[in-house]
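Student: The structure is given below, and queries will be raised subsequently.
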Amino acid sequence: MRDKLFTAFAVFMFFITSTNAQLHLTGVFPVAATANTMVRVQGTGFLPTSIVKFGPIQSPNVSYVNQNLLFAVVPVGLQPGIKKVSVQNGGTVSNKINFTPVKPSPGQLVLLEQTPSRLPVKSVSGRNVIAGDVDGNNDVDVALITLNSTDLYINDGDGVFSDQTAIRLPASSFEHGDGEFCDVDNDGDPDLIIVNLSYQNNQIYINDCTGNFSEESFRIPQLNDFSLDVDAADVDNDGDFDFIIANSDGQTSFLINDGNGYFVDEAVTRGITSPISALAAKFFDVDNDGDLDLLLTGAEIMVLYINNGSGYFTDESAARIPQLPIRVLEIRVCDADNDSYLDLFLPSLERNRANRILINNGTGIFNDESPSRLPLFVVDAVTRQSLVLNIISHGPAI
């Protein structure tokens with residue numbers, strides 16, 4: 001009798017514990033894939049019985065890892081165009097995240113140059129390009145982060161873009177390092193953070209849900225560092241976005257969201273303390289435990305922090321990642337060898353030094369397998385941005 005009561009109590013406590021976490025999606029990786037491909041669904045409040053839907057079609061196979069991580073198979077039958085991925089626990093449905101089904105075609109991938117007919121031609125010194133549905137009409141708009149401006153291009157629904165910066169985004173005279181779309185104030189639309197060079201204030205722009213932005217930089221602490229890169233993710237699993245900012249001259253900034261879109265720098269408190277002049281930063285799940293870890297790169301140094309699940313980190317670089325004689329200004333994460341573990345592609349910033357690919361062995365330990373997996377190619381120019389597509393036929397990088 002006691003054993004039965006204990007079992008019933010354990011089941012009851014599992015149900016209470018599982019349902020206490022708010023059902024919320026933070027990411028689907030990759031964001032584009034073919035039918036029958038396995039994708040990672042990250043967030044909070046998942047259950048062993050969770051259902052994943054791609055638009056109206058339910059995934060035929062969902063694997064529960066923990067309350068923060070599911071693996072779902074992309075269903076057959078999705079029509080072209082952006083689909084909304086959601087997770088359902090009984091009658092509770094999560095927020096939705098954009099996903100694009102890719103139709104496989106026989107033969108090789110062909111890219112057609114259509115820039116003149118789809119995008120305004122402008123000569124700029126580009127830093128990065130980011131994508132999001134800023135005006136809420138279910139298509140992808142883009143922002144081009146340049147050295148002296150951020151340009152906002154709005155999609156007309158057919159893949160033709162117009163420059164609407166002047167009427168949607170306040171002007172800035174700062175020198176930009178990087179930017180990211182994310183929902184700062186948790187109202188369901190993508191806001192914008194821009195980090196700046198030359199010890200200038202970083203900037204927050206809040207979306208009014210129709211794609212018009214107002215500057216509200218008072219939401220983040222102004223540390224006046226030389227900021228080169230920013231990444232956004234829910235690292236403490238509380239349902240909102242936090243920021244990591246790579247500063248090349250000063251302490252890395254780790255900005256924690258209070259739930260209302262206001263941020264406090266908690267880098268030291270949360271373990272981001274290794275002395276490094278950071279060039280790039282990236283959140284991703286190193287050890288496949290459902291939470292987001294952190295990689296920082298600097299001048300011939302990489303620091304890998306492991307998340308304890310609550311947004312507190314431990315430097316495990318010595319045991320997990322080799323130190324390479326290159327400088328990396330951009331980190332690309334992809335499943336290069338199709339084993340469901342995330343690997344790293346690191347484009348070299350310096351001339352005459354080769355790009356690198358680091359393979360995850362499945363436990364969060366990386367090995368440099370560049371000689372056997374990458375062409376013997378030494379860059380003749382600075383590799384600022386890279387896009388890894390279909391590396392060993394497994395979809396795009398994140």
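Chain labels run A, B, ... following the order of the structure tokens; each chain numbers its residues from 1, and ligands are numbered from 1 in the order shown.
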Please report as a Markdown table every residue of segment 83-139 of chain A lying within 12 Å of segment 220-244 of chain A, along with the nearest atom pair and their distance in Å (one decimal), using only C-alpha atoms.
Tutor:
```
| residue | atom | partner | partner_atom | distance |
| --- | --- | --- | --- | --- |
| A:Ser94 | CA | A:Gly239 | CA | 11.2 |
| A:Asn95 | CA | A:Gly239 | CA | 10.7 |
| A:Arg127 | CA | A:Leu228 | CA | 9.5 |
| A:Asn128 | CA | A:Asp229 | CA | 9.7 |
| A:Ile130 | CA | A:Asp231 | CA | 11.4 |
```
Student: Mind checking which residues fall within 8 Å of Asn196 of chain A, counting only C-alpha atoms, ignoring those fewer than 2 positions away in the same chain, and posting them as a ChimeraX atom specification?
Tutor: /A:174-178,194,198-203,226-228
Student: Neighbouring residues of segment 38-40 of chain A were defined as those with any atom within 9 Å, considering only C-alpha atoms; residues of the same chain fewer than 6 positions away were excluded. Please report them as a VMD selection string.
Tutor: chain A and resid 27 to 31 61 69 to 74 340
Student: Atom CA of Phe213 of chain A and atom CA of Asn257 of chain A are how many Å apart?
Tutor: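 One can read the atom CA of Phe213 of chain A to atom CA of Asn257 of chain A distance as 19.5 Å.
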Student: Would you please extract all helix (DSSP H, G or I) residues from segment 123-205 of chain A, as assigned by DSSP on the backbone, and give them as a list in words?
Tutor: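 The helix (DSSP H, G or I) residues within segment 123-205 of chain A come out as Thr165, Ala166, Ile167 and Arg168 of chain A.
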Student: Restricting it to N, CA, C and O atoms, dump the selection as a PDB file, in the first residue's frame.
Tutor:
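This is the output file part_30.pdb:
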```pdb
ATOM      1  N   THR A 165      13.554  52.856 -44.061  1.00  0.00           N
ATOM      2  CA  THR A 165      14.275  53.290 -42.876  1.00  0.00           C
ATOM      3  C   THR A 165      13.798  54.651 -42.388  1.00  0.00           C
ATOM      4  O   THR A 165      13.546  54.842 -41.190  1.00  0.00           O
ATOM      5  N   ALA A 166      13.673  55.595 -43.288  1.00  0.00           N
ATOM      6  CA  ALA A 166      13.380  56.978 -42.906  1.00  0.00           C
ATOM      7  C   ALA A 166      12.051  57.121 -42.181  1.00  0.00           C
ATOM      8  O   ALA A 166      11.902  57.991 -41.315  1.00  0.00           O
ATOM      9  N   ILE A 167      11.071  56.282 -42.517  1.00  0.00           N
ATOM     10  CA  ILE A 167       9.750  56.434 -41.905  1.00  0.00           C
ATOM     11  C   ILE A 167       9.509  55.451 -40.762  1.00  0.00           C
ATOM     12  O   ILE A 167       8.487  55.570 -40.063  1.00  0.00           O
ATOM     13  N   ARG A 168      10.414  54.513 -40.539  1.00  0.00           N
ATOM     14  CA  ARG A 168      10.172  53.490 -39.508  1.00  0.00           C
ATOM     15  C   ARG A 168      11.215  53.454 -38.402  1.00  0.00           C
ATOM     16  O   ARG A 168      10.917  52.947 -37.303  1.00  0.00           O
TER      17      ARG A 168
END
```
Student: Within 10 Å of Asp135 of chain A, counting only C-alpha atoms, which residues show up once you throw out same-chain ones fewer than 5 positions away? Write them as an mmCIF file with C-alpha atoms, in the first residue's frame, please.
Tutor:
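Listing of out-v6.cif after writing:
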```cif
data_model
loop_
_atom_site.group_PDB
_atom_site.id
_atom_site.type_symbol
_atom_site.label_atom_id
_atom_site.label_comp_id
_atom_site.auth_asym_id
_atom_site.auth_seq_id
_atom_site.Cartn_x
_atom_site.Cartn_y
_atom_site.Cartn_z
ATOM 1 C CA VAL A 140 10.450 38.200 -43.674
ATOM 2 C CA ASP A 141 11.834 41.733 -43.549
ATOM 3 C CA ILE A 154 10.304 45.857 -45.843
ATOM 4 C CA ASN A 155 9.066 42.852 -47.819
ATOM 5 C CA ASP A 189 6.915 41.508 -32.054
ATOM 6 C CA PRO A 190 10.629 41.789 -32.905
ATOM 7 C CA ASN A 207 8.549 48.009 -32.196
ATOM 8 C CA ASP A 208 4.946 49.262 -31.941
ATOM 9 C CA CYS A 209 3.712 45.927 -33.418
ATOM 10 C CA THR A 210 3.349 47.452 -36.897
ATOM 11 C CA GLY A 211 7.040 47.853 -37.736
ATOM 12 C CA ASN A 212 7.557 51.411 -36.500
#
```
Student: Quick one: pull the distance between atom CA of Ser86 of chain A and atom CA of Leu23 of chain A, Å, one decimal.
Tutor: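 Computing the Euclidean distance for atom CA of Ser86 of chain A and atom CA of Leu23 of chain A yields 10.0 Å.
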Student: Write out as a list in words which residues come within 7 Å of Ser348 of chain A when counting only C-alpha atoms, dropping same-chain ones fewer than 6 positions away.
Tutor: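 Using only C-alpha atoms, the neighbours found are Ile326, Arg327, Val328, Ala354, Asn355 and Thr383 of chain A.
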